[in-house]
>>> print(open('my_file17.tsv').read())   # TSV, C-alpha atoms
chain	number	residue	atom	x	y	z
A	66	MET	CA	0.00	0.00	0.00
A	67	THR	CA	1.09	3.54	-0.73
A	68	LEU	CA	-0.25	6.54	1.13
A	69	GLN	CA	-2.32	8.69	-1.18
A	70	ARG	CA	-1.70	12.40	-1.40
A	71	VAL	CA	-4.60	14.63	-0.41
A	72	LEU	CA	-6.04	15.27	-3.88
A	73	PRO	CA	-5.98	11.63	-5.08
A	74	PHE	CA	-7.53	10.57	-1.76
A	75	THR	CA	-10.25	13.18	-2.25
A	76	LYS	CA	-11.00	11.73	-5.70
A	77	SER	CA	-11.15	8.17	-4.35
A	78	LEU	CA	-13.75	9.30	-1.79
A	79	LEU	CA	-15.76	11.03	-4.52
A	80	GLU	CA	-15.71	7.83	-6.58
A	81	GLN	CA	-17.41	6.04	-3.67
A	82	ALA	CA	-20.09	8.71	-3.12
A	83	VAL	CA	-21.02	9.93	-6.61
A	84	HIS	CA	-22.71	7.74	-9.20
A	85	ALA	CA	-24.39	8.11	-12.59
A	86	GLY	CA	-27.51	10.26	-12.32
A	87	ASP	CA	-26.40	12.02	-9.14
A	88	THR	CA	-26.09	15.73	-8.51
A	89	ALA	CA	-22.83	17.18	-7.19
A	90	VAL	CA	-21.37	20.59	-6.39
A	91	ASP	CA	-17.92	21.97	-7.05
A	92	ALA	CA	-18.00	24.92	-4.66
A	93	THR	CA	-14.69	26.35	-5.89
A	94	ALA	CA	-14.38	25.60	-9.61
A	95	GLY	CA	-10.90	27.04	-10.01
A	96	ASN	CA	-9.36	25.59	-13.15
A	97	GLY	CA	-12.08	22.95	-13.53
A	98	HIS	CA	-10.30	19.77	-12.47
A	99	ASP	CA	-12.88	18.74	-9.86
A	100	THR	CA	-15.78	19.84	-12.06
A	101	HIS	CA	-14.46	17.63	-14.86
A	102	PHE	CA	-13.99	14.70	-12.49
A	103	LEU	CA	-17.49	15.08	-11.02
A	104	ALA	CA	-19.03	15.34	-14.50
A	105	GLY	CA	-17.45	12.01	-15.39
A	106	LEU	CA	-18.86	10.41	-12.24
A	107	THR	CA	-22.40	11.79	-12.58
A	108	GLY	CA	-22.62	11.03	-16.30
A	109	ALA	CA	-24.99	12.78	-18.69
A	110	SER	CA	-27.98	11.72	-16.59
A	111	GLY	CA	-26.60	13.66	-13.61
A	112	LYS	CA	-25.83	17.30	-12.89
A	113	VAL	CA	-22.81	19.25	-11.68
A	114	TYR	CA	-23.00	22.79	-10.36
A	115	ALA	CA	-19.66	24.61	-10.40
A	116	PHE	CA	-19.21	27.91	-8.53
A	117	ASP	CA	-16.47	30.50	-8.61
A	118	ILE	CA	-16.42	34.25	-8.02
A	119	GLN	CA	-13.82	34.81	-10.73
A	120	GLN	CA	-14.80	34.89	-14.40
A	121	GLN	CA	-11.27	33.67	-15.21
A	122	ALA	CA	-11.98	30.47	-13.26
A	123	ILE	CA	-15.37	29.99	-14.93
A	124	GLU	CA	-13.75	30.35	-18.37
A	125	ALA	CA	-10.97	27.88	-17.47
A	126	THR	CA	-13.56	25.40	-16.19
A	127	LYS	CA	-15.69	25.87	-19.31
A	128	GLN	CA	-12.70	25.05	-21.54
A	129	ARG	CA	-11.72	22.02	-19.47
A	130	THR	CA	-15.25	20.59	-19.45
A	131	GLU	CA	-16.48	21.46	-22.95
A	132	GLU	CA	-17.33	17.83	-23.76
A	133	PHE	CA	-19.96	17.75	-20.99
A	134	SER	CA	-23.44	19.24	-21.33
A	135	HIS	CA	-24.69	18.55	-17.80
A	136	ILE	CA	-22.61	21.18	-15.98
A	137	GLU	CA	-23.97	24.51	-14.82
A	138	LEU	CA	-21.19	27.07	-14.42
A	139	ILE	CA	-22.07	29.82	-11.96
A	140	CYS	CA	-19.99	32.96	-11.55
A	141	ASP	CA	-21.15	33.76	-8.03
A	142	SER	CA	-20.16	33.12	-4.43
A	143	HIS	CA	-20.43	29.61	-3.07
A	144	ALA	CA	-22.31	31.26	-0.19
A	145	LYS	CA	-25.27	31.35	-2.59
A	146	ILE	CA	-25.38	27.64	-3.44
A	147	ASP	CA	-28.93	27.32	-2.14
A	148	GLN	CA	-30.09	29.97	-4.61
A	149	TYR	CA	-29.07	27.72	-7.52
A	150	VAL	CA	-29.21	24.15	-6.22
A	151	THR	CA	-32.57	22.85	-5.03
A	152	GLU	CA	-32.18	19.10	-5.39
A	153	SER	CA	-30.35	16.73	-3.05
A	154	ILE	CA	-26.64	16.27	-3.70
A	155	SER	CA	-24.39	13.25	-3.33
A	156	ALA	CA	-21.24	15.29	-2.83
A	157	ALA	CA	-19.71	18.72	-2.67
A	158	VAL	CA	-16.04	19.51	-2.98
A	159	PHE	CA	-14.15	22.64	-1.91
A	160	ASN	CA	-10.53	23.66	-2.53
A	161	LEU	CA	-9.96	26.65	-0.29
A	162	GLY	CA	-7.40	29.35	-0.90
A	163	TYR	CA	-6.71	31.14	-4.17
A	164	LEU	CA	-6.96	30.30	-7.85
A	165	PRO	CA	-3.74	28.59	-8.98
A	166	LYS	CA	-1.97	30.88	-11.47
A	167	GLY	CA	-4.52	33.57	-10.56
A	168	ASP	CA	-4.56	36.64	-8.34
A	169	HIS	CA	-3.33	35.48	-4.93
A	170	ALA	CA	-5.10	38.42	-3.30
A	171	ILE	CA	-8.50	36.89	-4.20
A	172	ILE	CA	-9.04	34.11	-1.68
A	173	THR	CA	-11.88	32.13	-0.19
A	174	LYS	CA	-13.05	33.63	3.11
A	175	ALA	CA	-14.30	32.02	6.30
A	176	ALA	CA	-17.74	33.68	6.33
A	177	SER	CA	-18.77	32.63	2.81
A	178	THR	CA	-17.17	29.19	3.14
A	179	LEU	CA	-19.07	28.46	6.36
A	180	GLN	CA	-22.34	29.54	4.70
A	181	ALA	CA	-21.58	27.27	1.74
A	182	LEU	CA	-20.70	24.33	3.98
A	183	GLU	CA	-23.94	24.69	5.90
A	184	GLN	CA	-25.96	24.86	2.67
A	185	CYS	CA	-24.20	21.80	1.24
A	186	LEU	CA	-24.82	19.81	4.42
A	187	THR	CA	-28.51	20.72	4.23
A	188	LEU	CA	-28.70	19.54	0.59
A	189	LEU	CA	-26.59	16.43	1.21
A	190	LYS	CA	-28.18	12.98	0.88
A	191	ALA	CA	-27.63	10.41	3.60
A	192	GLY	CA	-24.35	8.68	2.80
A	193	GLY	CA	-23.16	11.72	0.85
A	194	LEU	CA	-19.89	13.56	1.35
A	195	VAL	CA	-18.72	17.14	1.69
A	196	LEU	CA	-14.98	17.29	1.06
A	197	VAL	CA	-12.93	20.36	1.93
A	198	VAL	CA	-9.28	20.62	0.91
A	199	ILE	CA	-7.78	23.34	3.08
A	200	TYR	CA	-4.78	25.32	1.93
A	201	SER	CA	-3.71	27.66	4.72
A	202	GLY	CA	-0.19	28.80	3.84
A	203	HIS	CA	-1.30	32.13	2.36
A	204	GLU	CA	-2.36	35.36	4.04
A	205	GLY	CA	-5.85	34.85	5.47
A	206	GLY	CA	-5.62	31.08	5.12
A	207	SER	CA	-5.10	30.27	8.79
A	208	GLU	CA	-8.21	32.24	9.80
A	209	GLU	CA	-10.35	30.32	7.30
A	210	ARG	CA	-8.76	27.01	8.34
A	211	ASP	CA	-9.51	27.65	12.01
A	212	ALA	CA	-13.10	28.72	11.30
A	213	VAL	CA	-13.78	25.61	9.20
A	214	MET	CA	-12.22	23.30	11.78
A	215	ASN	CA	-14.21	24.89	14.63
A	216	TYR	CA	-17.42	24.53	12.60
A	217	VAL	CA	-16.79	20.89	11.67
A	218	LYS	CA	-15.81	19.90	15.21
A	219	ARG	CA	-19.21	21.13	16.43
A	220	LEU	CA	-21.25	19.07	13.94
A	221	PRO	CA	-23.47	16.62	15.83
A	222	GLN	CA	-22.01	13.13	15.74
A	223	THR	CA	-25.50	11.68	15.62
A	224	ARG	CA	-25.89	13.15	12.11
A	225	TYR	CA	-22.35	13.37	10.68
A	226	ASP	CA	-19.00	11.64	10.70
A	227	ALA	CA	-16.09	14.00	10.15
A	228	MET	CA	-12.43	13.23	9.63
A	229	LYS	CA	-9.19	15.05	8.89
A	230	TYR	CA	-6.65	13.52	6.51
A	231	GLU	CA	-3.22	15.11	6.54
A	232	PHE	CA	0.48	14.48	6.38
A	233	ILE	CA	2.01	15.60	9.66
A	234	ASN	CA	5.73	15.62	8.85
A	235	GLN	CA	5.69	18.11	5.96
A	236	GLN	CA	6.75	21.74	6.14
A	237	HIS	CA	5.14	24.91	4.77
A	238	SER	CA	1.50	24.31	5.69
A	239	PRO	CA	0.68	21.39	3.36
A	240	PRO	CA	-2.98	21.08	2.35
A	241	PHE	CA	-5.20	18.67	4.25
A	242	LEU	CA	-8.63	17.19	3.72
A	243	VAL	CA	-11.69	17.45	5.92
A	244	ALA	CA	-14.33	14.89	4.94
A	245	ILE	CA	-17.88	15.01	6.28
A	246	GLU	CA	-20.31	12.16	5.70
A	247	LYS	CA	-24.03	12.51	6.42
A	248	LYS	CA	-25.26	9.52	8.37
A	249	HIS	CA	-28.35	7.51	7.54
A	250	GLN	CA	-31.01	8.27	10.15
A	251	ARG	CA	-32.56	5.31	11.91
A	252	GLN	CA	-36.31	5.00	11.71
A	253	LYS	CA	-38.05	5.18	15.07
A	254	ASN	CA	-40.69	2.52	15.74
>>> encode(input="my_file17.tsv", output="structure tokens")
Amino acid sequence: MTLQRVLPFTKSLLEQAVHAGDTAVDATAGNGHDTHFLAGLTGASGKVYAFDIQQQAIEATKQRTEEFSHIELICDSHAKIDQYVTESISAAVFNLGYLPKGDHAIITKAASTLQALEQCLTLLKAGGLVLVVIYSGHEGGSEERDAVMNYVKRLPQTRYDAMKYEFINQQHSPPFLVAIEKKHQRQKN
């Protein structure tokens, strides 16, 4: 066995949660890698909503995913997911921080990320996943990291399982994954 890096591990979790016909959210479209991956998992019978506040990211995602017709690209804050997505979702994925090869001054912020997380958890099907890759080595990153971790730690364990996947012997604030799974609720007799 070989330890998976954070991004490949994130994809392996998505492969378990997202199936043909499902709906998924890429809350931070960036350059479109996760949107493309989700579109392949959901298939043409499914739907992928991809959000980013930067038109540059939406254009990059559009180019990367041009072979798919079941993606809705949304140039708006992920804090407004519930204004666009009304159906249940199997998964949502976030990559916090800034757009690679973009303006490093434009970053995800704690307030909007927490709103988006809450909305995704509300939309999430039982057995579904919300995956958050946290990059905190930039200015403002540690504040968002701490806010997300505090939020996730307070999620009720009767409704969610939450885990943190990280390499602990690497320097320079390596990214880590927070995975949240919505539990199946037991029926009361």
>>> residues_around(input="my_file17.tsv", residues="range 91-99 of chain A", least_positions_apart="5", cutoff="9 Å", atoms="all atoms listed in the file", output="short mmCIF file (atom, residue, chain, number, x, y, z; two decimals) with C-alpha atoms, keeping the file's coordinate frame")
data_model
loop_
_atom_site.label_atom_id
_atom_site.label_comp_id
_atom_site.auth_asym_id
_atom_site.auth_seq_id
_atom_site.Cartn_x
_atom_site.Cartn_y
_atom_site.Cartn_z
CA LYS A 76 -11.00 11.73 -5.70
CA ALA A 104 -19.03 15.34 -14.50
CA VAL A 113 -22.81 19.25 -11.68
CA TYR A 114 -23.00 22.79 -10.36
CA ALA A 115 -19.66 24.61 -10.40
CA PHE A 116 -19.21 27.91 -8.53
CA ASP A 117 -16.47 30.50 -8.61
CA ILE A 118 -16.42 34.25 -8.02
CA GLN A 119 -13.82 34.81 -10.73
CA GLN A 121 -11.27 33.67 -15.21
CA ALA A 122 -11.98 30.47 -13.26
CA ILE A 123 -15.37 29.99 -14.93
CA GLU A 124 -13.75 30.35 -18.37
CA ALA A 125 -10.97 27.88 -17.47
CA THR A 126 -13.56 25.40 -16.19
CA LYS A 127 -15.69 25.87 -19.31
CA GLN A 128 -12.70 25.05 -21.54
CA ARG A 129 -11.72 22.02 -19.47
CA THR A 130 -15.25 20.59 -19.45
CA LEU A 138 -21.19 27.07 -14.42
CA SER A 142 -20.16 33.12 -4.43
CA HIS A 143 -20.43 29.61 -3.07
CA ALA A 144 -22.31 31.26 -0.19
CA ILE A 146 -25.38 27.64 -3.44
CA ALA A 156 -21.24 15.29 -2.83
CA ALA A 157 -19.71 18.72 -2.67
CA VAL A 158 -16.04 19.51 -2.98
CA PHE A 159 -14.15 22.64 -1.91
CA ASN A 160 -10.53 23.66 -2.53
CA LEU A 161 -9.96 26.65 -0.29
CA TYR A 163 -6.71 31.14 -4.17
CA LEU A 164 -6.96 30.30 -7.85
CA PRO A 165 -3.74 28.59 -8.98
CA THR A 173 -11.88 32.13 -0.19
CA THR A 178 -17.17 29.19 3.14
CA ALA A 181 -21.58 27.27 1.74
#
>>> closest_residue(input="my_file17.tsv", among="A:Tyr225, A:Tyr149, A:Phe133, A:Tyr200", to="Gln184 in chain A", atoms="all atoms listed in the file")
A:Tyr149
>>> residues_around(input="my_file17.tsv", residues="range 236-248 of chain A", least_positions_apart="4", cutoff="6 Å", atoms="all atoms listed in the file", output="JSON list (two decimals) with C-alpha atoms, keeping the file's coordinate frame")
[["chain", "number", "residue", "atom", "x", "y", "z"],
["A", 191, "ALA", "CA", -27.63, 10.41, 3.60],
["A", 192, "GLY", "CA", -24.35, 8.68, 2.80],
["A", 193, "GLY", "CA", -23.16, 11.72, 0.85],
["A", 194, "LEU", "CA", -19.89, 13.56, 1.35],
["A", 195, "VAL", "CA", -18.72, 17.14, 1.69],
["A", 196, "LEU", "CA", -14.98, 17.29, 1.06],
["A", 197, "VAL", "CA", -12.93, 20.36, 1.93],
["A", 198, "VAL", "CA", -9.28, 20.62, 0.91],
["A", 199, "ILE", "CA", -7.78, 23.34, 3.08],
["A", 200, "TYR", "CA", -4.78, 25.32, 1.93],
["A", 202, "GLY", "CA", -0.19, 28.80, 3.84],
["A", 224, "ARG", "CA", -25.89, 13.15, 12.11],
["A", 225, "TYR", "CA", -22.35, 13.37, 10.68],
["A", 226, "ASP", "CA", -19.00, 11.64, 10.70],
["A", 227, "ALA", "CA", -16.09, 14.00, 10.15],
["A", 228, "MET", "CA", -12.43, 13.23, 9.63],
["A", 229, "LYS", "CA", -9.19, 15.05, 8.89],
["A", 230, "TYR", "CA", -6.65, 13.52, 6.51],
["A", 231, "GLU", "CA", -3.22, 15.11, 6.54]]
>>> residues_around(input="my_file17.tsv", residues="Arg210 in chain A", least_positions_apart="2", cutoff="8 Å", atoms="all atoms listed in the file", output="PDB file with C-alpha atoms, in the frame of the given file")
ATOM      1  CA  ALA A 175     -14.300  32.020   6.300  1.00  0.00           C
ATOM      2  CA  ILE A 199      -7.780  23.340   3.080  1.00  0.00           C
ATOM      3  CA  TYR A 200      -4.780  25.320   1.930  1.00  0.00           C
ATOM      4  CA  SER A 201      -3.710  27.660   4.720  1.00  0.00           C
ATOM      5  CA  GLY A 206      -5.620  31.080   5.120  1.00  0.00           C
ATOM      6  CA  SER A 207      -5.100  30.270   8.790  1.00  0.00           C
ATOM      7  CA  GLU A 208      -8.210  32.240   9.800  1.00  0.00           C
ATOM      8  CA  ALA A 212     -13.100  28.720  11.300  1.00  0.00           C
ATOM      9  CA  VAL A 213     -13.780  25.610   9.200  1.00  0.00           C
ATOM     10  CA  MET A 214     -12.220  23.300  11.780  1.00  0.00           C
TER      11      MET A 214
END
>>> closest_residue(input="my_file17.tsv", among="A:Asp141, A:Glu131, A:Glu152, A:Asp87", to="Thr187 in chain A", atoms="all atoms listed in the file")
A:Glu152
>>> atom_distance(input="my_file17.tsv", atom1="CA of Phe74 in chain A", atom2="CA of Phe102 in chain A")
13.2 Å
>>> atom_distance(input="my_file17.tsv", atom1="CA of His249 in chain A", atom2="CA of Thr223 in chain A")
9.5 Å
>>> closest_residue(input="my_file17.tsv", among="A:Val150, A:Glu204, A:Ser110, A:Gln222", to="Leu188 in chain A", atoms="only C-alpha atoms")
A:Val150
>>> closest_residue(input="my_file17.tsv", among="A:Leu106, A:Asp147, A:His203, A:Pro73", to="Gly86 in chain A", atoms="all atoms listed in the file")
A:Leu106
>>> atom_distance(input="my_file17.tsv", atom1="CA of Asp211 in chain A", atom2="CA of Gly167 in chain A")
23.9 Å
>>> residues_around(input="my_file17.tsv", residues="Thr107 in chain A", least_positions_apart="2", cutoff="12 Å", atoms="all atoms listed in the file", output="ChimeraX atom specification")
/A:79-90,100-105,109-114,133-136,154-156
>>> closest_residue(input="my_file17.tsv", among="A:Lys145, A:Glu132, A:Leu78, A:Gly108", to="Leu182 in chain A", atoms="all atoms listed in the file")
A:Lys145
>>> closest_residue(input="my_file17.tsv", among="A:Leu220, A:Ser77, A:Thr67, A:His169", to="Glu183 in chain A", atoms="all atoms listed in the file")
A:Leu220
